[in-house]
Amino acid sequence: PKRRRFRGQVYDRAQLNVFLAAALQSPAEAAFVLAASYGLRRSECAGLRWSAIDFRARRMVINHTAILSNGRILYVDNVKTRSSYRTLPLSDSLRRYLTDLRRRQKENRRKYGKAYHQSDYVCVREDGTPLRPDYISREFGRVCRRAGLPCIRFHDLRHTFATHALTSGVDAKTLSGILGHTNASFTL
């Protein structure tokens, strides 16, 4: 039989807002916010480091990923493709969110003391342990079910971001750069 091409699904704005409100109760909240705000891949979310975020210059660099290989997590200084290396501007809302997230993580560091897992990663559990990419996907499904939303894949947050960006007037070339695609035709 002929292979059917998979078609991703997207949340509309109301569904996305419901999802993000429900995500605030999740250990993977930061990954969900990053994926919904910039269309980051789960490996990019799990691999994002605080050192890649420049609050003064209002930008973040996507140059590090966390990938699952033979059951182990590898943190690597490369991304999926050459065009996936990118520098993104920090929106005011994401800048505020990340500033608050960093403050909460510092509080957790004090709360856990020596038991806190020190790392430079943005997407971590309360005790500082970095999130696994497969955990992010599983937790995404749990949050969707808790929120009473249709269950889509985590990667579909990337499609959701792209769809809303295009309908908001972002041109395909700019969106292609944000998503780390090689060209606008692939994005479309």
# chains A, B, ... in the order shown; residues from 1 in each chain; ligands from 1
call {"tool": "select_by_dssp", "arguments": {"residues": "chain A", "states": "strand (DSSP E)", "output": "count of residues only"}}
result
20
call {"tool": "residues_around", "arguments": {"residues": "Glu139 of chain A", "least_positions_apart": "6", "cutoff": "9 Å", "atoms": "only C-alpha atoms", "output": "list in words"}}
result
Ser26, Pro27 and Ala28 of chain A
call {"tool": "write_last_selection", "arguments": {"atoms": "N, CA and C atoms", "output": "JSON list (two decimals), in the first residue's frame"}}
result
[["chain", "number", "residue", "atom", "x", "y", "z"],
["A", 26, "SER", "N", 3.70, 22.08, 35.24],
["A", 26, "SER", "CA", 4.53, 20.97, 34.77],
["A", 26, "SER", "C", 6.02, 21.24, 34.97],
["A", 27, "PRO", "N", 6.79, 20.20, 35.27],
["A", 27, "PRO", "CA", 8.25, 20.35, 35.32],
["A", 27, "PRO", "C", 8.85, 20.73, 33.97],
["A", 28, "ALA", "N", 8.13, 20.44, 32.88],
["A", 28, "ALA", "CA", 8.63, 20.75, 31.54],
["A", 28, "ALA", "C", 8.08, 22.07, 31.01]]
call {"tool": "residues_around", "arguments": {"residues": "Leu88 of chain A", "least_positions_apart": "2", "cutoff": "10 Å", "atoms": "only C-alpha atoms", "output": "PDB file with C-alpha atoms, in the first residue's frame"}}
result
ATOM      1  CA  TYR A  38       9.849  30.088  18.961  1.00  0.00           C
ATOM      2  CA  ILE A  53      20.897  33.665  26.393  1.00  0.00           C
ATOM      3  CA  ARG A  58      18.015  40.487  23.951  1.00  0.00           C
ATOM      4  CA  ARG A  59      18.907  37.370  22.011  1.00  0.00           C
ATOM      5  CA  MET A  60      19.469  33.662  22.396  1.00  0.00           C
ATOM      6  CA  VAL A  61      21.678  31.370  20.372  1.00  0.00           C
ATOM      7  CA  ILE A  62      20.521  27.899  19.376  1.00  0.00           C
ATOM      8  CA  TYR A  85      22.431  27.210  14.188  1.00  0.00           C
ATOM      9  CA  ARG A  86      20.673  30.481  14.711  1.00  0.00           C
ATOM     10  CA  LEU A  90      14.200  37.702  22.736  1.00  0.00           C
ATOM     11  CA  SER A  91      10.673  39.063  22.722  1.00  0.00           C
ATOM     12  CA  GLY A 177      15.286  31.587   9.722  1.00  0.00           C
ATOM     13  CA  ILE A 178      13.531  31.445  13.102  1.00  0.00           C
ATOM     14  CA  LEU A 179      12.745  27.747  12.664  1.00  0.00           C
TER      15      LEU A 179
END
call {"tool": "atom_distance", "arguments": {"atom1": "atom CA of Val76 of chain A", "atom2": "atom CA of Asp120 of chain A"}}
result
13.3 Å
call {"tool": "residues_around", "arguments": {"residues": "segment 6-12 of chain A", "least_positions_apart": "5", "cutoff": "12 Å", "atoms": "only C-alpha atoms", "output": "number ranges by chain"}}
result
A: 17-20, 36, 39, 144, 149-165, 167
call {"tool": "decode", "arguments": {"residues": "segment 124-138 of chain A", "atoms": "all heavy atoms", "output": "short mmCIF file (atom, residue, chain, number, x, y, z; two decimals), in the first residue's frame"}}
result
data_model
loop_
_atom_site.label_atom_id
_atom_site.label_comp_id
_atom_site.auth_asym_id
_atom_site.auth_seq_id
_atom_site.Cartn_x
_atom_site.Cartn_y
_atom_site.Cartn_z
N VAL A 124 15.06 22.40 33.33
CA VAL A 124 15.45 21.48 34.39
C VAL A 124 14.27 21.23 35.33
O VAL A 124 13.31 22.00 35.37
CB VAL A 124 16.65 22.03 35.20
CG1 VAL A 124 17.88 22.20 34.34
CG2 VAL A 124 16.31 23.35 35.89
N ARG A 125 14.39 20.14 36.09
CA ARG A 125 13.41 19.87 37.13
C ARG A 125 13.67 20.79 38.32
O ARG A 125 14.66 21.52 38.34
CB ARG A 125 13.53 18.41 37.59
CG ARG A 125 13.16 17.40 36.54
CD ARG A 125 13.37 15.99 37.09
NE ARG A 125 13.10 15.00 36.09
CZ ARG A 125 11.90 14.47 35.86
NH1 ARG A 125 10.87 14.85 36.57
NH2 ARG A 125 11.74 13.56 34.92
N GLU A 126 12.81 20.71 39.31
CA GLU A 126 12.94 21.56 40.50
C GLU A 126 14.29 21.38 41.18
O GLU A 126 14.85 22.32 41.72
CB GLU A 126 11.81 21.25 41.49
CG GLU A 126 11.73 22.24 42.62
CD GLU A 126 10.52 21.99 43.51
OE1 GLU A 126 9.41 22.37 43.12
OE2 GLU A 126 10.73 21.41 44.60
N ASP A 127 14.85 20.16 41.14
CA ASP A 127 16.14 19.90 41.79
C ASP A 127 17.33 20.17 40.87
O ASP A 127 18.46 19.85 41.21
CB ASP A 127 16.21 18.46 42.31
CG ASP A 127 16.28 17.42 41.21
OD1 ASP A 127 16.14 17.77 40.01
OD2 ASP A 127 16.46 16.23 41.53
N GLY A 128 17.06 20.77 39.70
CA GLY A 128 18.13 21.14 38.78
C GLY A 128 18.53 20.08 37.77
O GLY A 128 19.37 20.34 36.91
N THR A 129 17.93 18.90 37.86
CA THR A 129 18.26 17.84 36.90
C THR A 129 17.75 18.23 35.52
O THR A 129 16.57 18.54 35.36
CB THR A 129 17.60 16.51 37.33
OG1 THR A 129 17.99 16.22 38.67
CG2 THR A 129 18.01 15.38 36.40
N PRO A 130 18.62 18.20 34.49
CA PRO A 130 18.17 18.54 33.14
C PRO A 130 17.08 17.58 32.65
O PRO A 130 17.09 16.39 32.98
CB PRO A 130 19.44 18.40 32.29
CG PRO A 130 20.56 18.56 33.25
CD PRO A 130 20.06 17.96 34.54
N LEU A 131 16.15 18.11 31.87
CA LEU A 131 15.06 17.30 31.33
C LEU A 131 15.54 16.49 30.14
O LEU A 131 16.27 16.99 29.29
CB LEU A 131 13.89 18.19 30.89
CG LEU A 131 13.19 18.99 31.97
CD1 LEU A 131 12.05 19.79 31.35
CD2 LEU A 131 12.66 18.08 33.07
N ARG A 132 15.09 15.25 30.09
CA ARG A 132 15.38 14.38 28.95
C ARG A 132 14.40 14.71 27.82
O ARG A 132 13.23 15.02 28.09
CB ARG A 132 15.19 12.92 29.35
CG ARG A 132 16.17 12.40 30.37
CD ARG A 132 15.78 11.01 30.85
NE ARG A 132 15.58 10.07 29.76
CZ ARG A 132 16.46 9.14 29.38
NH1 ARG A 132 17.60 9.02 30.03
NH2 ARG A 132 16.20 8.34 28.38
N PRO A 133 14.85 14.66 26.57
CA PRO A 133 13.95 14.94 25.46
C PRO A 133 12.72 14.02 25.43
O PRO A 133 11.61 14.47 25.15
CB PRO A 133 14.82 14.72 24.22
CG PRO A 133 16.21 14.93 24.69
CD PRO A 133 16.23 14.46 26.10
N ASP A 134 12.90 12.73 25.75
CA ASP A 134 11.76 11.82 25.75
C ASP A 134 10.78 12.14 26.88
O ASP A 134 9.58 11.99 26.72
CB ASP A 134 12.21 10.35 25.79
CG ASP A 134 13.13 10.04 26.96
OD1 ASP A 134 13.85 10.95 27.44
OD2 ASP A 134 13.17 8.87 27.39
N TYR A 135 11.29 12.64 28.00
CA TYR A 135 10.41 13.05 29.09
C TYR A 135 9.55 14.23 28.65
O TYR A 135 8.35 14.29 28.96
CB TYR A 135 11.22 13.43 30.34
CG TYR A 135 10.36 14.05 31.41
CD1 TYR A 135 9.57 13.25 32.24
CD2 TYR A 135 10.27 15.43 31.54
CE1 TYR A 135 8.74 13.82 33.19
CE2 TYR A 135 9.44 16.00 32.49
CZ TYR A 135 8.68 15.19 33.30
OH TYR A 135 7.84 15.76 34.24
N ILE A 136 10.14 15.16 27.93
CA ILE A 136 9.40 16.34 27.46
C ILE A 136 8.21 15.90 26.62
O ILE A 136 7.10 16.40 26.80
CB ILE A 136 10.33 17.29 26.67
CG1 ILE A 136 11.37 17.92 27.60
CG2 ILE A 136 9.53 18.37 25.96
CD1 ILE A 136 12.46 18.70 26.89
N SER A 137 8.41 14.95 25.73
CA SER A 137 7.31 14.45 24.88
C SER A 137 6.23 13.77 25.70
O SER A 137 5.04 13.99 25.47
CB SER A 137 7.85 13.48 23.82
OG SER A 137 8.70 14.16 22.94
N ARG A 138 6.63 12.91 26.63
CA ARG A 138 5.64 12.21 27.47
C ARG A 138 4.86 13.20 28.33
O ARG A 138 3.64 13.11 28.46
CB ARG A 138 6.31 11.16 28.34
CG ARG A 138 6.69 9.89 27.61
CD ARG A 138 7.05 8.76 28.56
NE ARG A 138 7.97 9.14 29.62
CZ ARG A 138 9.29 9.18 29.51
NH1 ARG A 138 9.86 8.88 28.37
NH2 ARG A 138 10.04 9.53 30.54
#
